[in-house]
Amino acid sequence: MGVDVASHFVTYETVGEIAHIGLNRPEKRNAISDRFVEAIAEAVARAEREAKAVVLFGHGDHFCAGLDLAEHVKKTAIEGVRGSRRWHSVFSGIEHGTIPWFSALHGAVVGGGLELAASTHIRVADETAFFALPEGQRGIFVGGGGSVRVARLTGVARMTDMMLTGRVASAAEAERWNVVQYVVPAGEARKKAHDLAVVAASNAALSNYAVINALPRIQDMAKEDGLFVESFISSFTATSPEAEERLQAFLDKRAARLRAPGAN
């Protein structure tokens, strides 16, 4: 296990082939400032070089309470645009990188924190997690990609409800709304996220890249266009040397078989 601190705002730790990136501003509930975004960007770039998967979590009692409003209120309109576009760039580096990201969520997952979580590929919440988009009550609008990423998870109707009324969703509701894929007991989200990351890291790198990059793009295409692209992605991945070895291992009964849920 290797450990060091990427910056004052972000911790970076390697556990085998998995990078653990921690939001480290607990006294501010990990609220995201411009400097915080740059620290995340540095950690993303490092993980791309060193890791096969990432676990993203928050230090302290919360994952992330969102935008640092004290900083945001001082910006001009064009500074706000530049800041939003920087969030988009950094979060896109997570969503459309080369390795899968797993977020471990607890406490507040609010505003920009929910936007950040939505850029990861698998979201694990513990029972203390709660989700909100209070921008409507603050007189602002989402700026970290939420109108695209969060709306695609929840649907526009639920996101509209959250923004207009300040509705706060529990972890159980978030699972029903497709915001998170797993809910675990309090304090266990990071371990669960790590275990899932280990499984994903054992996959063929090209397959992982195709899953996290091709699937969301195909969803944006017309049906026949998506099917056409799927054929090329399928053929391209299946003819890689690693895929050929894995398929042969399965045929030779050297690969682990799937088990039905609850089977011994």
# chains A, B, ... in the order shown; residues from 1 in each chain; ligands from 1
call {"tool": "closest_atom_pairs", "arguments": {"of": "region 26-142 of chain A", "to": "region 11-18 of chain A", "cutoff": "7 Å", "atoms": "only C-alpha atoms", "output": "Markdown table"}}
result
| residue | atom | partner | partner_atom | distance |
| --- | --- | --- | --- | --- |
| A:Ala43 | CA | A:Tyr12 | CA | 7.0 |
| A:Ala51 | CA | A:Glu17 | CA | 5.3 |
| A:Lys52 | CA | A:Glu17 | CA | 5.6 |
| A:Ala53 | CA | A:Ile18 | CA | 5.1 |
| A:Val54 | CA | A:Ile18 | CA | 5.5 |
call {"tool": "write_last_selection", "arguments": {"atoms": "all heavy atoms", "output": "CSV table (one decimal), in the first residue's frame"}}
result
chain,number,residue,atom,x,y,z
A,43,ALA,N,-5.4,14.6,-9.3
A,43,ALA,CA,-5.5,13.2,-8.8
A,43,ALA,C,-6.1,12.3,-10.0
A,43,ALA,O,-5.7,11.2,-10.1
A,43,ALA,CB,-6.5,13.2,-7.6
A,51,ALA,N,-3.3,3.5,-12.0
A,51,ALA,CA,-4.3,2.6,-11.5
A,51,ALA,C,-5.1,1.9,-12.5
A,51,ALA,O,-5.1,2.4,-13.7
A,51,ALA,CB,-5.2,3.4,-10.5
A,52,LYS,N,-5.8,0.9,-12.1
A,52,LYS,CA,-6.7,0.2,-13.0
A,52,LYS,C,-8.2,0.5,-12.7
A,52,LYS,O,-9.1,0.1,-13.4
A,52,LYS,CB,-6.4,-1.3,-13.0
A,52,LYS,CG,-5.1,-1.7,-13.6
A,52,LYS,CD,-5.0,-3.2,-13.8
A,52,LYS,CE,-3.7,-3.6,-14.5
A,52,LYS,NZ,-3.6,-5.1,-14.7
A,53,ALA,N,-8.4,1.1,-11.5
A,53,ALA,CA,-9.7,1.5,-11.1
A,53,ALA,C,-9.5,2.5,-10.0
A,53,ALA,O,-8.5,2.6,-9.3
A,53,ALA,CB,-10.6,0.3,-10.7
A,54,VAL,N,-10.6,3.3,-9.6
A,54,VAL,CA,-10.5,4.3,-8.6
A,54,VAL,C,-11.7,4.2,-7.7
A,54,VAL,O,-12.8,3.9,-8.1
A,54,VAL,CB,-10.5,5.7,-9.2
A,54,VAL,CG1,-10.5,6.8,-8.1
A,54,VAL,CG2,-9.3,5.9,-10.2
call {"tool": "residues_around", "arguments": {"residues": "region 94-111 of chain A", "least_positions_apart": "5", "cutoff": "6 Å", "atoms": "only C-alpha atoms", "output": "VMD selection string"}}
result
chain A and resid 52 to 57 61 to 66 119 to 126 128 to 133 189 to 190 193 209 213
call {"tool": "write_last_selection", "arguments": {"atoms": "N, CA and C atoms", "output": "PDB file, in the first residue's frame"}}
result
ATOM      1  N   LYS A  52      -5.773   0.859 -12.123  1.00  0.00           N
ATOM      2  CA  LYS A  52      -6.700   0.168 -13.012  1.00  0.00           C
ATOM      3  C   LYS A  52      -8.152   0.456 -12.664  1.00  0.00           C
ATOM      4  N   ALA A  53      -8.390   1.082 -11.526  1.00  0.00           N
ATOM      5  CA  ALA A  53      -9.720   1.519 -11.115  1.00  0.00           C
ATOM      6  C   ALA A  53      -9.539   2.491  -9.955  1.00  0.00           C
ATOM      7  N   VAL A  54     -10.595   3.251  -9.649  1.00  0.00           N
ATOM      8  CA  VAL A  54     -10.511   4.280  -8.612  1.00  0.00           C
ATOM      9  C   VAL A  54     -11.705   4.181  -7.675  1.00  0.00           C
ATOM     10  N   VAL A  55     -11.437   4.398  -6.386  1.00  0.00           N
ATOM     11  CA  VAL A  55     -12.488   4.609  -5.394  1.00  0.00           C
ATOM     12  C   VAL A  55     -12.415   6.068  -4.958  1.00  0.00           C
ATOM     13  N   LEU A  56     -13.511   6.777  -5.102  1.00  0.00           N
ATOM     14  CA  LEU A  56     -13.607   8.180  -4.702  1.00  0.00           C
ATOM     15  C   LEU A  56     -14.480   8.265  -3.453  1.00  0.00           C
ATOM     16  N   PHE A  57     -13.992   8.928  -2.417  1.00  0.00           N
ATOM     17  CA  PHE A  57     -14.726   9.006  -1.154  1.00  0.00           C
ATOM     18  C   PHE A  57     -14.488  10.359  -0.509  1.00  0.00           C
ATOM     19  N   ASP A  61     -17.530  13.604   7.897  1.00  0.00           N
ATOM     20  CA  ASP A  61     -18.898  13.118   8.051  1.00  0.00           C
ATOM     21  C   ASP A  61     -19.706  13.141   6.763  1.00  0.00           C
ATOM     22  N   HIS A  62     -19.144  13.695   5.685  1.00  0.00           N
ATOM     23  CA  HIS A  62     -19.908  13.860   4.458  1.00  0.00           C
ATOM     24  C   HIS A  62     -19.047  13.567   3.229  1.00  0.00           C
ATOM     25  N   PHE A  63     -19.706  13.127   2.169  1.00  0.00           N
ATOM     26  CA  PHE A  63     -19.005  12.977   0.894  1.00  0.00           C
ATOM     27  C   PHE A  63     -18.678  14.341   0.330  1.00  0.00           C
ATOM     28  N   CYS A  64     -19.703  15.141   0.057  1.00  0.00           N
ATOM     29  CA  CYS A  64     -19.466  16.483  -0.481  1.00  0.00           C
ATOM     30  C   CYS A  64     -20.763  17.275  -0.449  1.00  0.00           C
ATOM     31  N   ALA A  65     -20.702  18.466   0.161  1.00  0.00           N
ATOM     32  CA  ALA A  65     -21.879  19.321   0.278  1.00  0.00           C
ATOM     33  C   ALA A  65     -22.023  20.268  -0.902  1.00  0.00           C
ATOM     34  N   GLY A  66     -21.177  20.119  -1.924  1.00  0.00           N
ATOM     35  CA  GLY A  66     -21.370  20.872  -3.151  1.00  0.00           C
ATOM     36  C   GLY A  66     -20.463  22.063  -3.317  1.00  0.00           C
ATOM     37  N   SER A 119     -20.600  11.638 -12.106  1.00  0.00           N
ATOM     38  CA  SER A 119     -19.583  11.433 -13.134  1.00  0.00           C
ATOM     39  C   SER A 119     -18.843  10.114 -12.959  1.00  0.00           C
ATOM     40  N   THR A 120     -19.016   9.475 -11.797  1.00  0.00           N
ATOM     41  CA  THR A 120     -18.404   8.158 -11.590  1.00  0.00           C
ATOM     42  C   THR A 120     -19.315   7.090 -12.194  1.00  0.00           C
ATOM     43  N   HIS A 121     -18.772   5.897 -12.367  1.00  0.00           N
ATOM     44  CA  HIS A 121     -19.500   4.864 -13.098  1.00  0.00           C
ATOM     45  C   HIS A 121     -20.376   3.993 -12.199  1.00  0.00           C
ATOM     46  N   ILE A 122     -19.913   3.740 -10.983  1.00  0.00           N
ATOM     47  CA  ILE A 122     -20.681   2.963 -10.009  1.00  0.00           C
ATOM     48  C   ILE A 122     -20.733   3.772  -8.720  1.00  0.00           C
ATOM     49  N   ARG A 123     -21.918   3.915  -8.149  1.00  0.00           N
ATOM     50  CA  ARG A 123     -22.087   4.690  -6.929  1.00  0.00           C
ATOM     51  C   ARG A 123     -22.613   3.792  -5.813  1.00  0.00           C
ATOM     52  N   VAL A 124     -21.871   3.767  -4.713  1.00  0.00           N
ATOM     53  CA  VAL A 124     -22.225   2.968  -3.537  1.00  0.00           C
ATOM     54  C   VAL A 124     -22.535   3.938  -2.395  1.00  0.00           C
ATOM     55  N   ALA A 125     -23.736   3.881  -1.865  1.00  0.00           N
ATOM     56  CA  ALA A 125     -24.129   4.753  -0.761  1.00  0.00           C
ATOM     57  C   ALA A 125     -24.276   3.943   0.517  1.00  0.00           C
ATOM     58  N   ASP A 126     -23.837   4.525   1.634  1.00  0.00           N
ATOM     59  CA  ASP A 126     -24.207   3.880   2.887  1.00  0.00           C
ATOM     60  C   ASP A 126     -25.506   4.515   3.385  1.00  0.00           C
ATOM     61  N   THR A 128     -26.322   6.405   5.677  1.00  0.00           N
ATOM     62  CA  THR A 128     -26.341   7.784   6.159  1.00  0.00           C
ATOM     63  C   THR A 128     -26.417   8.798   5.021  1.00  0.00           C
ATOM     64  N   ALA A 129     -26.239   8.346   3.798  1.00  0.00           N
ATOM     65  CA  ALA A 129     -26.177   9.278   2.662  1.00  0.00           C
ATOM     66  C   ALA A 129     -27.532   9.914   2.389  1.00  0.00           C
ATOM     67  N   PHE A 130     -27.496  11.195   2.033  1.00  0.00           N
ATOM     68  CA  PHE A 130     -28.702  11.878   1.573  1.00  0.00           C
ATOM     69  C   PHE A 130     -28.349  12.766   0.391  1.00  0.00           C
ATOM     70  N   PHE A 131     -29.320  12.962  -0.485  1.00  0.00           N
ATOM     71  CA  PHE A 131     -29.076  13.547  -1.794  1.00  0.00           C
ATOM     72  C   PHE A 131     -30.014  14.726  -2.017  1.00  0.00           C
ATOM     73  N   ALA A 132     -29.459  15.834  -2.513  1.00  0.00           N
ATOM     74  CA  ALA A 132     -30.282  17.023  -2.743  1.00  0.00           C
ATOM     75  C   ALA A 132     -29.639  17.916  -3.791  1.00  0.00           C
ATOM     76  N   LEU A 133     -30.480  18.717  -4.416  1.00  0.00           N
ATOM     77  CA  LEU A 133     -30.039  19.734  -5.378  1.00  0.00           C
ATOM     78  C   LEU A 133     -30.718  21.049  -4.981  1.00  0.00           C
ATOM     79  N   ALA A 189     -19.438   1.802   2.843  1.00  0.00           N
ATOM     80  CA  ALA A 189     -19.470   2.146   1.416  1.00  0.00           C
ATOM     81  C   ALA A 189     -18.088   2.052   0.775  1.00  0.00           C
ATOM     82  N   ARG A 190     -17.065   2.521   1.465  1.00  0.00           N
ATOM     83  CA  ARG A 190     -15.727   2.510   0.857  1.00  0.00           C
ATOM     84  C   ARG A 190     -15.241   1.086   0.631  1.00  0.00           C
ATOM     85  N   ALA A 193     -17.144  -0.341  -2.299  1.00  0.00           N
ATOM     86  CA  ALA A 193     -16.655   0.260  -3.539  1.00  0.00           C
ATOM     87  C   ALA A 193     -15.298  -0.328  -3.923  1.00  0.00           C
ATOM     88  N   TYR A 209     -12.752  -0.023 -21.029  1.00  0.00           N
ATOM     89  CA  TYR A 209     -12.795   1.229 -21.781  1.00  0.00           C
ATOM     90  C   TYR A 209     -14.045   1.292 -22.649  1.00  0.00           C
ATOM     91  N   ASN A 213     -17.088   4.050 -22.057  1.00  0.00           N
ATOM     92  CA  ASN A 213     -17.115   5.078 -23.104  1.00  0.00           C
ATOM     93  C   ASN A 213     -18.140   4.820 -24.194  1.00  0.00           C
TER      94      ASN A 213
END
call {"tool": "select_by_dssp", "arguments": {"residues": "region 114-202 of chain A", "states": "strand (DSSP E or B)", "output": "list in words"}}
result
Ile122, Arg123, Val124, Ala125, Asp126, Phe130, Phe131, Ala132, Ala169, Ser170, Tyr182, Val183 and Val184 of chain A
call {"tool": "write_last_selection", "arguments": {"atoms": "C-alpha atoms", "output": "compact mmCIF listing (two decimals), in the first residue's frame"}}
result
# COMPACT_ATOMS: atom_id res chain seq x y z
CA ILE A 122 -20.68 2.96 -10.01
CA ARG A 123 -22.09 4.69 -6.93
CA VAL A 124 -22.23 2.97 -3.54
CA ALA A 125 -24.13 4.75 -0.76
CA ASP A 126 -24.21 3.88 2.89
CA PHE A 130 -28.70 11.88 1.57
CA PHE A 131 -29.08 13.55 -1.79
CA ALA A 132 -30.28 17.02 -2.74
CA ALA A 169 -33.70 11.88 -0.94
CA SER A 170 -32.54 9.09 1.34
CA TYR A 182 -25.75 -0.20 -4.09
CA VAL A 183 -26.84 0.68 -0.55
CA VAL A 184 -24.85 -0.72 2.36
call {"tool": "closest_residue", "arguments": {"among": "A:Gly187, A:Lys74, A:His59, A:His194", "to": "Ala19 (chain A)", "atoms": "only C-alpha atoms"}}
result
A:His194
call {"tool": "residues_around", "arguments": {"residues": "Ala70 (chain A)", "least_positions_apart": "2", "cutoff": "12 Å", "atoms": "only C-alpha atoms", "output": "PyMOL selection string"}}
result
chain A and resi 28+31-34+66-68+72-75
call {"tool": "select_by_dssp", "arguments": {"residues": "region 84-208 of chain A", "states": "helix (DSSP H, G or I)", "output": "ChimeraX atom specification"}}
result
/A:84-95,112-118,135-138,149-154,156-165,171-176,189-201,205-208
call {"tool": "write_last_selection", "arguments": {"atoms": "C-alpha atoms", "output": "short mmCIF file (atom, residue, chain, number, x, y, z; two decimals), in the first residue's frame"}}
result
data_model
loop_
_atom_site.label_atom_id
_atom_site.label_comp_id
_atom_site.auth_asym_id
_atom_site.auth_seq_id
_atom_site.Cartn_x
_atom_site.Cartn_y
_atom_site.Cartn_z
CA SER A 84 -18.51 25.74 -14.77
CA ARG A 85 -16.70 24.71 -17.93
CA ARG A 86 -13.67 23.71 -15.85
CA TRP A 87 -15.88 21.47 -13.71
CA HIS A 88 -17.23 19.96 -16.92
CA SER A 89 -13.73 19.25 -18.19
CA VAL A 90 -12.47 17.67 -14.98
CA PHE A 91 -15.59 15.58 -14.39
CA SER A 92 -15.54 14.43 -18.02
CA GLY A 93 -12.03 13.18 -17.36
CA ILE A 94 -13.58 10.85 -14.79
CA GLU A 95 -16.58 9.78 -16.84
CA GLY A 112 -21.97 19.79 -6.82
CA GLY A 113 -21.24 16.73 -4.71
CA LEU A 114 -24.05 14.89 -6.47
CA GLU A 115 -22.76 16.19 -9.81
CA LEU A 116 -19.32 14.80 -8.99
CA ALA A 117 -20.75 11.45 -7.89
CA ALA A 118 -22.80 11.28 -11.10
CA GLU A 135 -29.76 25.29 -6.25
CA GLY A 136 -33.32 26.56 -6.71
CA GLN A 137 -33.42 27.75 -3.08
CA ARG A 138 -30.03 29.45 -3.53
CA ARG A 149 -25.61 13.50 -15.77
CA VAL A 150 -28.01 13.67 -12.83
CA ALA A 151 -31.04 14.14 -15.09
CA ARG A 152 -30.08 11.02 -17.04
CA LEU A 153 -29.93 9.03 -13.82
CA THR A 154 -33.09 10.28 -12.13
CA VAL A 156 -35.97 15.15 -15.60
CA ALA A 157 -39.15 14.98 -13.50
CA ARG A 158 -37.39 13.89 -10.31
CA MET A 159 -34.54 16.34 -10.82
CA THR A 160 -37.07 19.12 -11.37
CA ASP A 161 -38.75 18.19 -8.08
CA MET A 162 -35.44 18.25 -6.21
CA MET A 163 -34.45 21.65 -7.61
CA LEU A 164 -37.84 23.36 -7.27
CA THR A 165 -38.82 22.08 -3.84
CA ALA A 171 -30.11 6.40 0.25
CA ALA A 172 -33.01 3.97 -0.28
CA GLU A 173 -34.85 6.51 -2.43
CA ALA A 174 -31.66 7.22 -4.37
CA GLU A 175 -31.36 3.53 -5.19
CA ARG A 176 -34.95 3.43 -6.42
CA ALA A 189 -19.47 2.15 1.42
CA ARG A 190 -15.73 2.51 0.86
CA LYS A 191 -15.05 -1.19 1.43
CA LYS A 192 -17.88 -2.20 -0.91
CA ALA A 193 -16.65 0.26 -3.54
CA HIS A 194 -13.13 -1.14 -3.21
CA ASP A 195 -14.32 -4.73 -3.58
CA LEU A 196 -16.22 -3.80 -6.73
CA ALA A 197 -13.22 -1.88 -8.08
CA VAL A 198 -11.02 -4.95 -7.60
CA VAL A 199 -13.43 -7.01 -9.71
CA ALA A 200 -13.51 -4.36 -12.44
CA ALA A 201 -9.72 -4.02 -12.39
CA ALA A 205 -8.63 -3.01 -20.03
CA LEU A 206 -10.12 -2.67 -23.50
CA SER A 207 -13.45 -4.09 -22.33
CA ASN A 208 -13.56 -1.64 -19.43
#
call {"tool": "closest_residue", "arguments": {"among": "A:Gly60, A:Leu23, A:Glu230, A:Arg35", "to": "Val211 (chain A)", "atoms": "only C-alpha atoms"}}
result
A:Glu230
call {"tool": "closest_residue", "arguments": {"among": "A:Ala210, A:Gly144, A:Arg25, A:Ala41", "to": "Ser235 (chain A)", "atoms": "only C-alpha atoms"}}
result
A:Ala210
call {"tool": "closest_residue", "arguments": {"among": "A:Glu242, A:Phe232, A:Asp225, A:Glu38", "to": "Ser202 (chain A)", "atoms": "only C-alpha atoms"}}
result
A:Glu242
call {"tool": "closest_residue", "arguments": {"among": "A:Arg167, A:Val179, A:Ala238, A:Thr76", "to": "Gly155 (chain A)", "atoms": "only C-alpha atoms"}}
result
A:Val179
call {"tool": "atom_distance", "arguments": {"atom1": "CA of Val10 (chain A)", "atom2": "CA of Ile40 (chain A)"}}
result
6.7 Å
call {"tool": "atom_distance", "arguments": {"atom1": "CA of Trp177 (chain A)", "atom2": "CA of Gly262 (chain A)"}}
result
25.1 Å
